[in-house]
Each structure stands twice: as C-alpha cells, then as structure tokens.
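As stored in start24.tsv (TSV, C-alpha atoms):
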```tsv
chain	number	residue	atom	x	y	z
A	1	MET	CA	87.47	-96.53	30.55
A	2	ASP	CA	88.97	-99.98	30.36
A	3	TRP	CA	89.34	-101.81	33.69
A	4	ARG	CA	92.23	-104.04	32.65
A	5	GLY	CA	94.91	-101.46	33.39
A	6	LEU	CA	93.55	-100.68	36.84
A	7	GLY	CA	94.46	-102.42	40.06
A	8	GLN	CA	91.94	-104.24	42.21
A	9	GLY	CA	89.41	-101.84	43.72
A	10	ALA	CA	90.84	-98.84	41.87
A	11	CYS	CA	88.80	-95.79	41.02
A	12	ALA	CA	87.41	-95.74	37.50
A	13	LEU	CA	88.23	-92.05	37.09
A	14	CYS	CA	91.64	-91.54	38.67
A	15	SER	CA	92.91	-95.16	38.57
A	16	LYS	CA	94.85	-94.66	41.79
A	17	ARG	CA	92.78	-95.76	44.77
A	18	PRO	CA	89.16	-96.40	45.73
A	19	CYS	CA	87.11	-93.25	45.65
A	20	ARG	CA	83.66	-92.56	47.16
A	21	LEU	CA	82.70	-90.24	44.33
A	22	SER	CA	83.18	-92.68	41.48
A	23	ARG	CA	82.28	-96.28	40.96
A	24	VAL	CA	84.73	-99.03	41.74
A	25	VAL	CA	85.36	-101.33	38.78
A	26	PRO	CA	85.42	-105.10	39.18
A	27	PRO	CA	88.82	-106.64	39.81
A	28	PRO	CA	90.69	-107.95	36.78
A	29	SER	CA	90.08	-111.55	37.87
A	30	LEU	CA	86.37	-111.23	36.92
A	31	PRO	CA	85.56	-110.51	33.30
A	32	ARG	CA	83.28	-107.50	33.03
A	33	ALA	CA	80.78	-109.28	30.75
A	34	MET	CA	80.30	-112.10	33.26
A	35	ALA	CA	79.77	-109.68	36.13
A	36	ASP	CA	77.24	-107.67	34.10
A	37	GLU	CA	75.32	-110.81	33.09
A	38	GLU	CA	75.10	-112.05	36.68
A	39	LEU	CA	74.04	-108.62	37.89
A	40	GLU	CA	71.35	-108.39	35.21
A	41	ALA	CA	70.07	-111.88	36.12
A	42	LEU	CA	69.88	-110.87	39.80
A	43	ARG	CA	68.02	-107.67	38.89
A	44	LYS	CA	65.46	-109.57	36.81
A	45	GLN	CA	64.96	-112.13	39.57
A	46	ARG	CA	64.46	-109.40	42.18
A	47	LEU	CA	62.03	-107.54	39.93
A	48	THR	CA	59.88	-110.64	39.41
A	49	GLU	CA	59.91	-111.30	43.17
A	50	LEU	CA	58.76	-107.76	43.90
A	51	GLN	CA	56.06	-107.91	41.24
A	52	ALA	CA	54.78	-111.21	42.61
A	53	LYS	CA	54.88	-109.91	46.18
A	54	HIS	CA	52.95	-106.73	45.44
A	55	GLY	CA	50.66	-108.19	42.80
A	56	ASP	CA	51.87	-105.85	40.10
A	57	PRO	CA	49.21	-105.79	37.35
A	58	SER	CA	51.56	-104.22	34.79
A	59	GLY	CA	52.58	-107.66	33.57
A	60	ASP	CA	49.17	-108.20	31.94
A	61	PRO	CA	49.29	-107.06	28.29
A	62	ALA	CA	45.52	-106.52	28.12
A	63	GLN	CA	45.60	-104.11	31.06
A	64	GLN	CA	48.59	-102.28	29.61
A	65	GLU	CA	46.74	-101.89	26.32
A	66	ALA	CA	43.62	-100.62	28.10
A	67	LYS	CA	45.68	-98.07	30.04
A	68	GLN	CA	47.35	-96.97	26.80
A	69	ARG	CA	43.96	-96.49	25.08
A	70	GLU	CA	42.60	-94.56	28.06
A	71	SER	CA	45.66	-92.32	28.10
A	72	GLU	CA	45.37	-91.64	24.37
A	73	MET	CA	41.66	-90.84	24.74
A	74	ARG	CA	42.34	-88.44	27.63
A	75	ASN	CA	45.07	-86.69	25.67
A	76	SER	CA	42.90	-86.32	22.58
A	77	ILE	CA	40.00	-84.87	24.61
A	78	LEU	CA	42.34	-82.45	26.37
A	79	ALA	CA	43.87	-81.43	23.02
A	80	GLN	CA	40.40	-80.57	21.74
A	81	VAL	CA	39.42	-78.70	24.91
A	82	LEU	CA	42.57	-76.70	25.78
A	83	ASP	CA	44.58	-74.21	23.77
A	84	GLN	CA	48.37	-74.54	23.66
A	85	ALA	CA	49.14	-72.13	26.50
A	86	ALA	CA	46.65	-73.89	28.77
A	87	ARG	CA	48.07	-77.31	27.85
A	88	ALA	CA	51.58	-76.07	28.65
A	89	ARG	CA	50.42	-74.79	32.04
A	90	LEU	CA	48.65	-78.07	32.79
A	91	SER	CA	51.71	-80.12	31.83
A	92	ASN	CA	53.89	-77.92	34.09
A	93	LEU	CA	51.42	-78.47	36.90
A	94	ALA	CA	51.55	-82.23	36.28
A	95	LEU	CA	55.30	-82.16	36.87
A	96	VAL	CA	54.95	-80.43	40.23
A	97	LYS	CA	51.60	-81.71	41.54
A	98	PRO	CA	50.43	-84.77	39.59
A	99	GLU	CA	47.36	-85.34	41.81
A	100	LYS	CA	46.07	-81.83	41.25
A	101	ALA	CA	46.73	-82.02	37.51
A	102	LYS	CA	44.82	-85.31	37.33
A	103	ALA	CA	41.89	-83.73	39.20
A	104	VAL	CA	41.84	-80.78	36.77
A	105	GLU	CA	42.04	-83.14	33.78
A	106	ASN	CA	39.12	-85.17	35.13
A	107	TYR	CA	37.13	-81.98	35.70
A	108	LEU	CA	37.81	-80.74	32.17
A	109	ILE	CA	36.94	-84.10	30.60
A	110	GLN	CA	33.70	-84.27	32.58
A	111	MET	CA	32.77	-80.74	31.49
A	112	ALA	CA	33.55	-81.61	27.88
A	113	ARG	CA	31.43	-84.78	27.97
A	114	PHE	CA	28.42	-82.91	29.31
A	115	GLY	CA	28.87	-80.04	26.83
A	116	GLN	CA	29.55	-77.39	29.45
A	117	LEU	CA	32.53	-75.93	27.61
A	118	GLY	CA	31.80	-73.35	24.94
A	119	GLY	CA	35.05	-73.76	23.01
A	120	LYS	CA	38.70	-74.10	23.83
A	121	VAL	CA	39.73	-73.19	27.35
A	122	SER	CA	42.35	-70.46	27.48
A	123	GLU	CA	45.14	-70.19	29.99
A	124	GLN	CA	43.11	-67.72	32.05
A	125	GLY	CA	40.14	-70.11	32.04
A	126	LEU	CA	42.42	-72.91	33.20
A	127	ILE	CA	43.68	-70.71	36.04
A	128	GLU	CA	40.08	-70.17	37.17
A	129	ILE	CA	39.44	-73.93	37.04
A	130	LEU	CA	42.64	-74.52	39.02
A	131	GLU	CA	41.41	-72.11	41.69
A	132	LYS	CA	38.05	-73.93	41.88
A	133	VAL	CA	39.73	-77.31	42.23
A	134	SER	CA	42.14	-75.91	44.82
A	135	GLN	CA	39.27	-74.56	46.90
A	136	GLN	CA	37.47	-77.91	46.75
A	137	THR	CA	40.54	-79.92	47.75
A	138	GLU	CA	41.99	-77.39	50.18
A	139	LYS	CA	43.32	-78.97	53.34
A	140	LYS	CA	42.42	-77.28	56.57
A	141	THR	CA	45.14	-77.20	59.19
A	142	THR	CA	44.11	-76.48	62.73
A	143	VAL	CA	46.38	-75.88	65.66
A	144	LYS	CA	45.05	-76.74	69.07
A	145	LYS	CA	46.70	-75.09	72.02
A	146	ARG	CA	46.23	-76.42	75.49
A	147	LEU	CA	46.87	-74.36	78.55
A	148	LEU	CA	48.98	-76.06	81.17
A	149	LEU	CA	48.59	-74.98	84.75
A	150	LEU	CA	51.10	-75.38	87.50
A	151	LYS	CA	49.63	-77.28	90.39
A	152	ALA	CA	51.42	-77.54	93.72
A	153	ASP	CA	50.93	-80.92	95.40
A	154	SER	CA	52.98	-82.24	98.29
A	155	GLY	CA	55.75	-79.73	97.93
A	156	PHE	CA	56.54	-80.17	94.19
A	157	GLN	CA	55.00	-78.67	91.11
A	158	THR	CA	53.58	-80.67	88.21
A	159	LEU	CA	52.14	-79.60	84.90
A	160	VAL	CA	48.48	-80.48	84.62
A	161	PRO	CA	46.50	-79.94	81.41
A	162	ARG	CA	43.50	-77.70	81.87
A	163	ALA	CA	40.23	-79.35	81.00
```

Any chance you could put this one into structure tokens?
Amino acid sequence: MDWRGLGQGACALCSKRPCRLSRVVPPPSLPRAMADEELEALRKQRLTELQAKHGDPSGDPAQQEAKQRESEMRNSILAQVLDQAARARLSNLALVKPEKAKAVENYLIQMARFGQLGGKVSEQGLIEILEKVSQQTEKKTTVKKRLLLLKADSGFQTLVPRA
C-alpha cells in the first residue's frame, strides 16, 4: 500500500488512525527509501556490535566452510545408515528436541564408524536407539519434603523446621 495518500501516523491497513494491530507507516515528510536505508544501516551497525561483543565466530569464512563440510559429512553418513522412515522420524525429533536428535545422530555415526550397524536402521530400530539415549540422559527429579513443627515459645507459635 502506498503511504503518500495516508495522513501522518495512519494505519497501513485502514488508513484512518493509528492501529496496534498493523504497522504505522512513516509520515509523508520522510521518503520511504531514505527511512529504509537508515534503518538498514542501523541494523548492520547493531549486528556488527553484537558480533564483536560476543565474539561471534560465524564471520570467519574458513570456519563456516568447515562447519558446512562437517554438516554434509554427517548428512551423508546418516543417509547411508538410516532408511527413509527413520530419517523422517529423526528430522521430526530435531524440530522438537534438537539436543536429543543431535545425541542420537552422534550415537548412530559412532556406531557406523565402528561397524556396529548391520545395514540400514529401520524406524523401529531408531525408536529403540531413542529409548536407549533417553534412558542415558534421563533427568531425575526429586522432591524433598520437610516437616515443620509448631513450637510454642513465650506465648506465640513459630514454625521450626525439623532436623
């Protein structure tokens, strides 16, 4: 929608008044291209500041290339080891629980490197591996209950934890 016909601060959808549900277009006094260029320059500046602050290694092309090669190698090994149904299940798991999917991928790659797999892993085989990995990484939650006793001292009652 063109902003020229809209008043200052008008809604981009209804062109009547500012609206919380839609974006407010820049006033006609500022050309849209200039506002977009300035905004893009500010975004780039902020991104470089954040990368410098956190030491983001993604700027190094050699590391990006190494990560790309590693990813391709992992995918090729998994393609050789898993059948299509198992790959689909693993990719669905990666969407929901990426840490668990990564652990299963590492387990499968390790088994493949040491020759412990006797062919392609089916979906049922992958489910068994998932159960093994889940048991190994299972988090134990314990609830500790403490009994509080009422103790009468000097005419008022206080709660005292029992030792």

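For the pair atom CA of A:Glu99 and atom CA of A:Asp60, the interatomic distance is 25.0 Å.
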
Nearby residues (only C-alpha atoms) at most 9 Å from A:Leu82, same-chain spacing under 4 positions excluded, as a PyMOL selection string:
chain A and resi 77-78+86-87+108+119-123+126

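Counting all atoms listed in the file and comparing A:Leu50, A:Met73, A:Gly125, A:Lys144, the residue that lies closest to A:Ala85 is A:Gly125.
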
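For the pair atom CA of A:Arg74 and atom CA of A:Gln136, the interatomic distance is 22.4 Å.
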
By how many Å are atom CA of A:Arg89 and atom CA of A:Gln124 apart?
10.2 Å
